[in-house]
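Peer 1: Sharing work16.cif below, mmCIF, C-alpha atoms (C1' of nucleotides):
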```
data_work
#
loop_
_atom_site.group_PDB
_atom_site.id
_atom_site.type_symbol
_atom_site.label_atom_id
_atom_site.label_comp_id
_atom_site.auth_asym_id
_atom_site.auth_seq_id
_atom_site.Cartn_x
_atom_site.Cartn_y
_atom_site.Cartn_z
ATOM 1 C CA MET A 41 63.396 49.511 -11.776
ATOM 2 C CA PRO A 42 64.202 51.877 -9.085
ATOM 3 C CA GLU A 43 66.555 51.080 -6.280
ATOM 4 C CA PHE A 44 68.286 53.427 -3.907
ATOM 5 C CA ALA A 45 70.060 55.625 -6.453
ATOM 6 C CA GLU A 46 67.245 55.758 -8.998
ATOM 7 C CA VAL A 47 64.885 56.787 -6.236
ATOM 8 C CA GLU A 48 67.255 59.567 -5.214
ATOM 9 C CA LEU A 49 67.455 60.676 -8.836
ATOM 10 C CA ALA A 50 63.663 60.752 -9.015
ATOM 11 C CA ARG A 51 63.586 62.898 -5.895
ATOM 12 C CA ARG A 52 66.015 65.376 -7.410
ATOM 13 C CA LEU A 53 64.044 65.562 -10.632
ATOM 14 C CA TRP A 54 60.820 66.469 -8.856
ATOM 15 C CA ALA A 55 62.753 68.834 -6.610
ATOM 16 C CA ALA A 56 62.906 71.019 -9.731
ATOM 17 C CA GLY A 57 59.436 72.062 -8.617
ATOM 18 C CA LEU A 58 60.342 73.112 -5.070
ATOM 19 C CA SER A 59 58.469 76.225 -3.933
ATOM 20 C CA MET A 60 56.202 75.904 -6.946
ATOM 21 C CA ARG A 61 52.466 76.377 -6.502
ATOM 22 C CA ILE A 62 50.352 73.658 -8.079
ATOM 23 C CA THR A 63 47.760 75.323 -10.250
ATOM 24 C CA SER A 64 46.100 72.154 -11.454
ATOM 25 C CA VAL A 65 46.330 68.409 -10.996
ATOM 26 C CA GLU A 66 45.607 65.628 -13.430
ATOM 27 C CA ALA A 67 45.193 62.222 -11.820
ATOM 28 C CA HIS A 68 44.035 59.261 -13.850
ATOM 29 C CA PRO A 69 41.460 57.523 -11.707
ATOM 30 C CA GLY A 70 40.966 53.814 -11.963
ATOM 31 C CA THR A 71 44.606 52.827 -12.215
ATOM 32 C CA ARG A 72 46.225 50.620 -9.611
ATOM 33 C CA ILE A 73 48.562 53.473 -8.730
ATOM 34 C CA PHE A 74 45.853 54.932 -6.506
ATOM 35 C CA ARG A 75 44.793 51.646 -4.897
ATOM 36 C CA ASP A 76 45.591 52.899 -1.384
ATOM 37 C CA GLY A 77 43.354 55.934 -1.712
ATOM 38 C CA SER A 78 41.703 57.823 -4.494
ATOM 39 C CA ALA A 79 42.967 59.921 -7.354
ATOM 40 C CA ARG A 80 40.333 62.517 -6.544
ATOM 41 C CA ALA A 81 41.505 62.929 -2.947
ATOM 42 C CA ILE A 82 45.053 63.533 -4.136
ATOM 43 C CA ALA A 83 43.949 65.992 -6.771
ATOM 44 C CA SER A 84 41.865 68.025 -4.371
ATOM 45 C CA ALA A 85 44.505 67.996 -1.628
ATOM 46 C CA LEU A 86 47.279 69.205 -3.912
ATOM 47 C CA THR A 87 45.489 71.739 -6.080
ATOM 48 C CA GLY A 88 46.621 75.162 -4.927
ATOM 49 C CA ALA A 89 49.324 73.727 -2.681
ATOM 50 C CA GLU A 90 52.990 74.585 -2.752
ATOM 51 C CA LEU A 91 55.754 71.973 -2.902
ATOM 52 C CA LEU A 92 57.808 72.575 0.224
ATOM 53 C CA ALA A 93 60.157 69.644 0.658
ATOM 54 C CA SER A 94 61.250 66.272 -0.660
ATOM 55 C CA ARG A 95 62.709 63.276 1.123
ATOM 56 C CA ALA A 96 63.779 59.807 0.125
ATOM 57 C CA HIS A 97 64.148 56.735 2.274
ATOM 58 C CA GLY A 98 65.122 53.466 0.686
ATOM 59 C CA LYS A 99 62.784 53.024 -2.254
ATOM 60 C CA ARG A 100 60.214 55.445 -0.868
ATOM 61 C CA LEU A 101 59.726 59.131 -1.583
ATOM 62 C CA LEU A 102 57.887 61.759 0.409
ATOM 63 C CA PHE A 103 56.896 65.149 -0.967
ATOM 64 C CA THR A 104 55.532 67.727 1.437
ATOM 65 C CA PHE A 105 53.036 70.351 0.333
ATOM 66 C CA SER A 106 51.621 73.401 2.031
ATOM 67 C CA PRO A 107 47.913 73.298 2.773
ATOM 68 C CA PRO A 108 45.969 74.590 -0.226
ATOM 69 C CA GLY A 109 45.159 78.273 -0.065
ATOM 70 C CA ALA A 110 46.697 80.995 2.038
ATOM 71 C CA PRO A 111 50.217 80.502 3.472
ATOM 72 C CA GLY A 112 48.964 81.409 6.934
ATOM 73 C CA SER A 113 46.412 78.645 6.960
ATOM 74 C CA SER A 114 46.258 76.602 10.109
ATOM 75 C CA ARG A 115 45.586 73.362 8.299
ATOM 76 C CA ALA A 116 48.299 70.714 8.434
ATOM 77 C CA ALA A 117 50.708 70.080 5.621
ATOM 78 C CA THR A 118 49.957 67.306 3.167
ATOM 79 C CA HIS A 119 52.454 64.595 2.285
ATOM 80 C CA LEU A 120 52.432 62.617 -0.932
ATOM 81 C CA GLU A 121 54.271 59.328 -0.610
ATOM 82 C CA VAL A 122 55.528 57.828 -3.847
ATOM 83 C CA HIS A 123 56.718 54.320 -4.508
ATOM 84 C CA LEU A 124 58.029 53.696 -8.000
ATOM 85 C CA GLY A 125 57.417 49.950 -8.035
ATOM 86 C CA MET A 126 59.206 48.206 -10.860
ATOM 87 C CA ALA A 127 58.857 50.728 -13.665
ATOM 88 C CA GLY A 128 57.807 54.044 -12.133
ATOM 89 C CA ARG A 129 59.506 57.322 -13.057
ATOM 90 C CA LEU A 130 59.311 60.887 -11.873
ATOM 91 C CA PHE A 131 60.354 63.739 -14.134
ATOM 92 C CA PRO A 132 59.785 67.419 -14.712
ATOM 93 C CA ALA A 133 58.170 68.407 -17.994
ATOM 94 C CA PRO A 134 57.386 71.665 -19.773
ATOM 95 C CA ALA A 135 54.324 73.474 -18.479
ATOM 96 C CA GLY A 136 52.229 72.506 -21.482
ATOM 97 C CA TYR A 137 53.197 68.826 -21.376
ATOM 98 C CA GLN A 138 50.442 66.500 -22.504
ATOM 99 C CA ALA A 139 49.949 63.379 -20.420
ATOM 100 C CA GLY A 140 50.869 60.165 -22.196
ATOM 101 C CA ARG A 141 49.173 56.831 -21.779
ATOM 102 C CA HIS A 142 51.204 55.835 -18.712
ATOM 103 C CA ASP A 143 51.422 59.223 -17.028
ATOM 104 C CA HIS A 144 49.155 58.784 -14.017
ATOM 105 C CA LEU A 145 49.727 62.022 -12.120
ATOM 106 C CA LEU A 146 50.556 65.522 -13.351
ATOM 107 C CA LEU A 147 51.126 68.428 -11.015
ATOM 108 C CA ARG A 148 51.030 71.568 -13.113
ATOM 109 C CA GLY A 149 52.692 74.779 -12.023
ATOM 110 C CA ARG A 150 53.292 78.056 -13.775
ATOM 111 C CA SER A 151 56.625 77.098 -15.291
ATOM 112 C CA LEU A 152 56.684 73.306 -15.333
ATOM 113 C CA ALA A 153 54.755 70.132 -14.672
ATOM 114 C CA LEU A 154 55.792 67.277 -12.402
ATOM 115 C CA VAL A 155 54.945 63.891 -13.873
ATOM 116 C CA PHE A 156 54.592 60.409 -12.387
ATOM 117 C CA SER A 157 54.702 57.731 -15.042
ATOM 118 C CA ASP A 158 54.508 53.973 -14.579
ATOM 119 C CA TYR A 159 53.555 51.659 -17.405
ATOM 120 C CA ARG A 160 53.410 48.581 -15.203
ATOM 121 C CA GLN A 161 51.417 50.205 -12.430
ATOM 122 C CA PHE A 162 53.310 48.434 -9.650
ATOM 123 C CA GLY A 163 54.044 51.802 -8.094
ATOM 124 C CA ARG A 164 51.733 53.600 -5.716
ATOM 125 C CA LEU A 165 50.759 57.057 -4.556
ATOM 126 C CA VAL A 166 49.520 57.620 -1.005
ATOM 127 C CA LEU A 167 48.319 60.756 0.738
ATOM 128 C CA HIS A 168 49.357 61.355 4.355
ATOM 129 C CA ARG A 169 47.899 63.919 6.723
ATOM 130 C CA ASP A 170 49.980 63.061 9.775
ATOM 131 C CA PRO A 171 52.533 65.711 10.747
ATOM 132 C CA ASP A 172 55.331 63.162 10.372
ATOM 133 C CA PRO A 173 54.307 60.030 8.501
ATOM 134 C CA TRP A 174 57.909 58.843 8.522
ATOM 135 C CA ALA A 175 58.443 58.911 12.253
ATOM 136 C CA ALA A 176 60.240 55.600 12.748
ATOM 137 C CA LEU A 177 62.261 54.209 9.872
ATOM 138 C CA PRO A 178 65.236 51.840 9.939
ATOM 139 C CA PRO A 179 68.684 53.299 9.186
ATOM 140 C CA GLN A 180 69.733 53.344 5.550
ATOM 141 C CA PRO A 181 73.165 52.109 4.518
ATOM 142 C CA LEU A 182 74.576 55.645 4.346
ATOM 143 C CA ASP A 183 72.974 56.806 7.621
ATOM 144 C CA PRO A 184 74.989 57.173 10.846
ATOM 145 C CA GLY A 185 72.816 54.534 12.522
ATOM 146 C CA PHE A 186 73.988 51.926 10.033
ATOM 147 C CA ASN A 187 76.885 51.069 12.316
ATOM 148 C CA LEU A 188 78.664 47.876 13.252
ATOM 149 C CA PRO A 189 76.382 46.897 16.163
ATOM 150 C CA HIS A 190 73.399 47.363 13.867
ATOM 151 C CA LEU A 191 74.938 45.115 11.204
ATOM 152 C CA ALA A 192 75.941 42.548 13.770
ATOM 153 C CA ARG A 193 72.334 42.470 14.922
ATOM 154 C CA LEU A 194 71.091 42.002 11.342
ATOM 155 C CA THR A 195 73.408 39.103 10.566
ATOM 156 C CA SER A 196 72.978 37.316 13.880
ATOM 157 C CA ARG A 197 69.216 37.761 14.185
ATOM 158 C CA GLN A 198 68.458 35.182 11.500
ATOM 159 C CA PRO A 199 71.807 33.442 10.972
ATOM 160 C CA ARG A 200 70.426 30.851 8.568
ATOM 161 C CA ARG A 201 68.708 33.255 6.266
ATOM 162 C CA ALA A 202 70.283 33.596 2.810
ATOM 163 C CA LEU A 203 72.450 36.695 2.460
ATOM 164 C CA LYS A 204 70.553 37.764 -0.633
ATOM 165 C CA ALA A 205 67.208 37.501 1.172
ATOM 166 C CA LEU A 206 68.572 39.679 3.961
ATOM 167 C CA LEU A 207 69.853 42.256 1.469
ATOM 168 C CA LEU A 208 66.447 42.426 -0.206
ATOM 169 C CA ASP A 209 64.661 42.942 3.114
ATOM 170 C CA GLN A 210 63.678 46.609 3.110
ATOM 171 C CA ALA A 211 63.574 46.715 6.895
ATOM 172 C CA ALA A 212 67.229 45.642 6.983
ATOM 173 C CA PHE A 213 68.697 47.254 3.845
ATOM 174 C CA PRO A 214 66.323 50.014 2.754
ATOM 175 C CA GLY A 215 66.789 50.808 -0.910
ATOM 176 C CA ILE A 216 68.739 47.692 -1.858
ATOM 177 C CA GLY A 217 67.088 45.882 -4.743
ATOM 178 C CA ASN A 218 67.912 43.004 -7.007
ATOM 179 C CA TRP A 219 70.868 44.463 -8.852
ATOM 180 C CA MET A 220 72.482 46.120 -5.852
ATOM 181 C CA ALA A 221 72.068 42.929 -3.807
ATOM 182 C CA ASP A 222 73.952 40.947 -6.462
ATOM 183 C CA GLU A 223 76.576 43.682 -6.656
ATOM 184 C CA ILE A 224 77.152 43.553 -2.893
ATOM 185 C CA CYS A 225 77.378 39.747 -2.832
ATOM 186 C CA TRP A 226 79.869 39.848 -5.686
ATOM 187 C CA ARG A 227 82.087 42.406 -3.998
ATOM 188 C CA LEU A 228 82.207 40.737 -0.594
ATOM 189 C CA PRO A 229 82.629 38.237 -2.241
ATOM 190 C CA CYS A 230 80.037 35.753 -1.013
ATOM 191 C CA HIS A 231 77.700 33.329 -2.705
ATOM 192 C CA PRO A 232 74.197 34.888 -2.527
ATOM 193 C CA ALA A 233 72.887 31.846 -0.638
ATOM 194 C CA THR A 234 75.508 32.149 2.092
ATOM 195 C CA PRO A 235 73.828 32.012 5.510
ATOM 196 C CA ALA A 236 73.749 35.520 6.951
ATOM 197 C CA GLY A 237 75.389 34.268 10.134
ATOM 198 C CA ARG A 238 78.536 33.421 8.193
ATOM 199 C CA VAL A 239 78.996 36.922 6.808
ATOM 200 C CA ASP A 240 81.359 39.338 8.547
ATOM 201 C CA PRO A 241 79.127 42.238 9.603
ATOM 202 C CA ALA A 242 81.925 44.816 9.376
ATOM 203 C CA LEU A 243 82.746 43.770 5.826
ATOM 204 C CA LEU A 244 79.087 43.663 4.848
ATOM 205 C CA ARG A 245 78.602 47.168 6.194
ATOM 206 C CA ARG A 246 81.633 48.504 4.355
ATOM 207 C CA ILE A 247 80.699 46.942 1.002
ATOM 208 C CA ALA A 248 77.023 47.876 1.217
ATOM 209 C CA ARG A 249 77.965 51.476 1.892
ATOM 210 C CA ARG A 250 80.497 51.478 -0.920
ATOM 211 C CA VAL A 251 77.974 50.125 -3.427
ATOM 212 C CA CYS A 252 75.398 52.693 -2.317
ATOM 213 C CA ARG A 253 77.839 55.575 -2.660
ATOM 214 C CA GLY A 254 78.947 54.321 -6.065
ATOM 215 C CA ALA A 255 75.380 53.944 -7.259
ATOM 216 C CA ILE A 256 74.584 57.491 -6.185
ATOM 217 C CA ARG A 257 77.638 58.777 -7.999
ATOM 218 C CA HIS A 258 77.054 56.869 -11.236
ATOM 219 C CA VAL A 259 73.268 56.798 -11.417
ATOM 220 C CA ALA A 260 71.959 59.830 -9.514
ATOM 221 C CA ASP A 261 74.702 62.458 -9.737
ATOM 222 C CA ARG A 262 75.620 62.098 -13.381
ATOM 223 C CA ASN A 263 72.078 61.801 -14.629
ATOM 224 C CA ALA A 264 70.978 64.775 -12.561
ATOM 225 C CA ILE A 265 73.799 66.861 -13.971
ATOM 226 C CA ARG A 266 72.935 65.814 -17.461
ATOM 227 C CA HIS A 267 69.208 66.369 -17.131
ATOM 228 C CA GLY A 268 69.642 69.597 -15.222
ATOM 229 C CA ILE A 269 66.632 70.974 -13.509
ATOM 230 C CA ASN A 270 65.694 72.909 -16.612
ATOM 231 C CA GLY A 271 66.457 70.172 -19.076
ATOM 232 C CA PHE A 272 63.025 68.575 -18.696
ATOM 233 C CA SER A 273 64.097 65.690 -20.824
ATOM 234 C CA PRO A 274 62.881 62.580 -19.103
ATOM 235 C CA GLY A 275 65.296 60.599 -21.221
ATOM 236 C CA ARG A 276 65.684 56.930 -20.799
ATOM 237 C CA TYR A 277 65.634 55.369 -17.401
ATOM 238 C CA VAL A 278 69.382 54.958 -17.152
ATOM 239 C CA GLU A 279 71.719 56.970 -19.309
ATOM 240 C CA HIS A 280 74.699 56.752 -17.035
ATOM 241 C CA VAL A 281 75.352 53.432 -15.418
ATOM 242 C CA PRO A 282 78.125 52.061 -13.227
ATOM 243 C CA PRO A 283 81.418 51.362 -15.053
ATOM 244 C CA PRO A 284 82.347 47.958 -16.532
ATOM 245 C CA ALA A 285 84.217 47.052 -13.350
ATOM 246 C CA TRP A 286 80.805 46.515 -11.718
ATOM 247 C CA LEU A 287 78.938 43.235 -11.957
ATOM 248 C CA PHE A 288 75.887 45.268 -12.975
ATOM 249 C CA ARG A 289 77.164 45.711 -16.500
ATOM 250 C CA HIS A 290 77.576 41.994 -17.131
ATOM 251 C CA ARG A 291 74.973 40.198 -15.110
ATOM 252 C CA TRP A 292 72.177 39.872 -17.656
ATOM 253 C CA LYS A 293 74.213 39.552 -20.796
ATOM 254 C CA PRO A 294 74.082 36.001 -22.145
ATOM 255 C CA GLY A 295 77.525 34.558 -21.545
ATOM 256 C CA GLY A 296 78.378 37.515 -19.300
ATOM 257 C CA ARG A 297 81.723 37.203 -17.560
ATOM 258 C CA CYS A 298 82.984 38.166 -14.141
ATOM 259 C CA PRO A 299 84.807 41.495 -14.478
ATOM 260 C CA ARG A 300 87.300 40.300 -11.869
ATOM 261 C CA CYS A 301 88.321 36.821 -13.045
ATOM 262 C CA GLY A 302 86.625 36.323 -16.397
ATOM 263 C CA SER A 303 84.584 33.278 -15.390
ATOM 264 C CA THR A 304 81.230 32.861 -17.048
ATOM 265 C CA LEU A 305 78.620 34.099 -14.591
ATOM 266 C CA ALA A 306 76.166 31.682 -13.039
ATOM 267 C CA ARG A 307 72.504 32.504 -12.645
ATOM 268 C CA SER A 308 69.493 31.000 -11.011
ATOM 269 C CA THR A 309 66.678 31.916 -8.662
ATOM 270 C CA ILE A 310 67.731 32.707 -5.092
ATOM 271 C CA ALA A 311 65.393 34.231 -2.511
ATOM 272 C CA SER A 312 62.770 34.034 -5.271
ATOM 273 C CA ARG A 313 64.599 36.564 -7.432
ATOM 274 C CA SER A 314 66.788 35.847 -10.421
ATOM 275 C CA THR A 315 70.377 36.111 -9.308
ATOM 276 C CA ALA A 316 73.755 36.288 -10.998
ATOM 277 C CA TRP A 317 77.098 35.515 -9.402
ATOM 278 C CA CYS A 318 80.623 34.413 -10.216
ATOM 279 C CA PRO A 319 81.016 30.674 -9.556
ATOM 280 C CA PHE A 320 84.774 31.122 -9.043
ATOM 281 C CA CYS A 321 84.855 34.224 -6.815
ATOM 282 C CA GLN A 322 81.675 33.292 -4.939
ATOM 283 C CA PRO A 323 81.702 29.553 -4.279
ATOM 284 C CA PRO A 324 78.809 28.069 -2.279
ATOM 285 C CA GLN A 325 79.242 28.045 1.492
ATOM 286 C CA PRO A 326 78.153 25.197 3.772
ATOM 287 C CA PRO A 327 75.339 26.209 6.137
ATOM 288 C CA GLN A 328 77.343 26.274 9.342
ATOM 289 C CA ALA A 329 79.086 28.870 11.397
ATOM 290 C "C1'" DC B 221 53.587 32.538 -28.473
ATOM 291 C "C1'" DA B 222 56.735 32.032 -24.255
ATOM 292 C "C1'" DT B 223 59.882 34.064 -21.105
ATOM 293 C "C1'" DC B 224 61.721 37.576 -18.408
ATOM 294 C "C1'" DA B 225 62.072 42.183 -16.053
ATOM 295 C "C1'" DT B 226 66.067 47.297 -10.863
ATOM 296 C "C1'" DG B 227 59.154 45.358 -6.557
ATOM 297 C "C1'" DT B 228 55.655 44.445 -3.071
ATOM 298 C "C1'" DT B 229 52.110 41.872 -0.950
ATOM 299 C "C1'" DA B 230 48.707 38.335 0.192
ATOM 300 C "C1'" DT B 231 48.401 33.621 0.751
ATOM 301 C "C1'" DA B 232 49.971 28.949 1.013
ATOM 302 C "C1'" DA B 233 53.205 25.608 2.280
ATOM 303 C "C1'" DT B 234 57.042 23.896 5.056
ATOM 304 C "C1'" DC C 182 55.807 31.369 15.288
ATOM 305 C "C1'" DA C 183 59.236 31.864 11.487
ATOM 306 C "C1'" DT C 184 60.982 31.188 7.070
ATOM 307 C "C1'" DT C 185 60.181 30.262 2.175
ATOM 308 C "C1'" DA C 186 57.794 29.681 -2.070
ATOM 309 C "C1'" DT C 187 54.162 31.136 -5.269
ATOM 310 C "C1'" DA C 188 50.827 33.909 -7.524
ATOM 311 C "C1'" DA C 189 49.205 38.195 -8.663
ATOM 312 C "C1'" DC C 190 49.514 42.756 -10.351
ATOM 313 C "C1'" DA C 191 50.162 45.380 -16.105
ATOM 314 C "C1'" DT C 192 53.109 46.231 -19.757
ATOM 315 C "C1'" DG C 193 57.009 46.002 -22.815
ATOM 316 C "C1'" DA C 194 61.195 43.851 -24.660
ATOM 317 C "C1'" DT C 195 63.354 39.819 -26.567
#
```
Using structure tokens, write down the structure from this file.
Peer 2:
Amino acid sequence: MPEFAEVELARRLWAAGLSMRITSVEAHPGTRIFRDGSARAIASALTGAELLASRAHGKRLLFTFSPPGAPGSSRAATHLEVHLGMAGRLFPAPAGYQAGRHDHLLLRGRSLALVFSDYRQFGRLVLHRDPDPWAALPPQPLDPGFNLPHLARLTSRQPRRALKALLLDQAAFPGIGNWMADEICWRLPCHPATPAGRVDPALLRRIARRVCRGAIRHVADRNAIRHGINGFSPGRYVEHVPPPAWLFRHRWKPGGRCPRCGSTLARSTIASRSTAWCPFCQPPQPPQA
DNA sequence: CATCATGTTATAAT
DNA sequence: CATTATAACATGAT
């Protein structure tokens, strides 16, 4: 499920445990979540550690922990990288929370527990020992480096590539997923199969940034306020969603209509993902610049 | 029972 | 080599 804004929300929810010392760790071994390492290695690295920092980049999360034991220890910090896959969630829970069937990692502290839950197990947890495992990452849509020359490079690099495929490329648009990609295409407005070379890079930059900011406001900010850091209620995945003026609210409803012109939305598979668009606002474009 | 789902990756095909 | 399609992953909702 998680795209840019849901990932940011997940980061904020686990940030409820900042400066908390992990007294015990429960990690279900044998699930795919730990396929890049081992549940035991994570448990032993984090037991006794303190949560120092959290970062998010695109759909990825990085939580930094002190080395287990004394604060003055010379051992390097440990980083836990989290990817939520299609159905992963992070949430804070009461200290005595009992792990459910799909809760794969619990970090227990004195006052609360941090939980990673993922019923589909497409997510993953990876341990990093490097001082900076995120040394070189592409600019995100809201970063300063996401400027016009950068966008011009993205659209001209592979001019024949479908716009939607470019939007889903995490090296180009970190954090953009299936619903945000459709939202951006709809607002441009461009048919999702439009060749990237035909898209105005300045417009693409502006709309992508606008959709990201809106998603943060509607999905991360409001849910974080509602949950509160002491609320603990994991709640449903999305309680607050973008308003009805967004394509998001209509795209999967049978007979859903374009919020702008009222046309019945079209849908089919583009860039191997199911895609919705307005046939009137986003007519197909011939593959030529 | 069949289909689909806010994602990634390995592999095959073009 | 580069782009694109497909299958696989595990579970729940419709």
Peer 1: Could you list, as a list of chain:residue names, every residue of chain A that has an atom within 10 Å of an atom of chain C, counting all atoms listed in the file?
Peer 2: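 Only these qualify: A:Arg72, A:Ala127, A:His142, A:Asp158, A:Tyr159, A:Arg160, A:Gln161, A:Phe162, A:Gln198, A:Arg200, A:Arg201, A:Ala311, A:Ser312.
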Peer 1: Tell me which residues the PyMOL selection byres ((chain A) within 9 of (chain B)) grabs here, as JSON, numbers by chain.
Peer 2: {"A": [41, 42, 43, 46, 124, 125, 126, 127, 162, 163, 217, 218, 219, 220]}
Peer 1: Please determine, counting all atoms listed in the file, which residue among A:Leu207, A:Ala202, A:Cys298, A:Ala242 has the shortest atom-to-atom distance to Ala285 of chain A.
Peer 2: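 Under the stated criterion, the closest residue is A:Cys298.
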Peer 1: Expressed in Å to a single decimal, how great is the separation between atom CA of Pro171 of chain A and atom CA of Glu90 of chain A?
Peer 2: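 Computing it gives 16.2 Å between the two atoms.
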Peer 1: One decimal, Å: what's the distance from atom CA of Arg257 of chain A over to atom CA of Gln180 of chain A, could you say?
Peer 2: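 Between atom CA of Arg257 of chain A and atom CA of Gln180 of chain A the gap works out to 16.6 Å.
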Peer 1: Name all residues at most 9 Å from Ala85 of chain A (count all atoms listed in the file; drop same-chain ones fewer than 4 positions away) and give them as an NGL selection string.
Peer 2: :A and (80-81 or 89 or 107-108 or 118 or 167)
Peer 1: What does the structure give for the distance between atom CA of Ile73 of chain A and atom CA of Leu165 of chain A, in Å to one decimal?
Peer 2: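 Distance between the two atoms: 5.9 Å.
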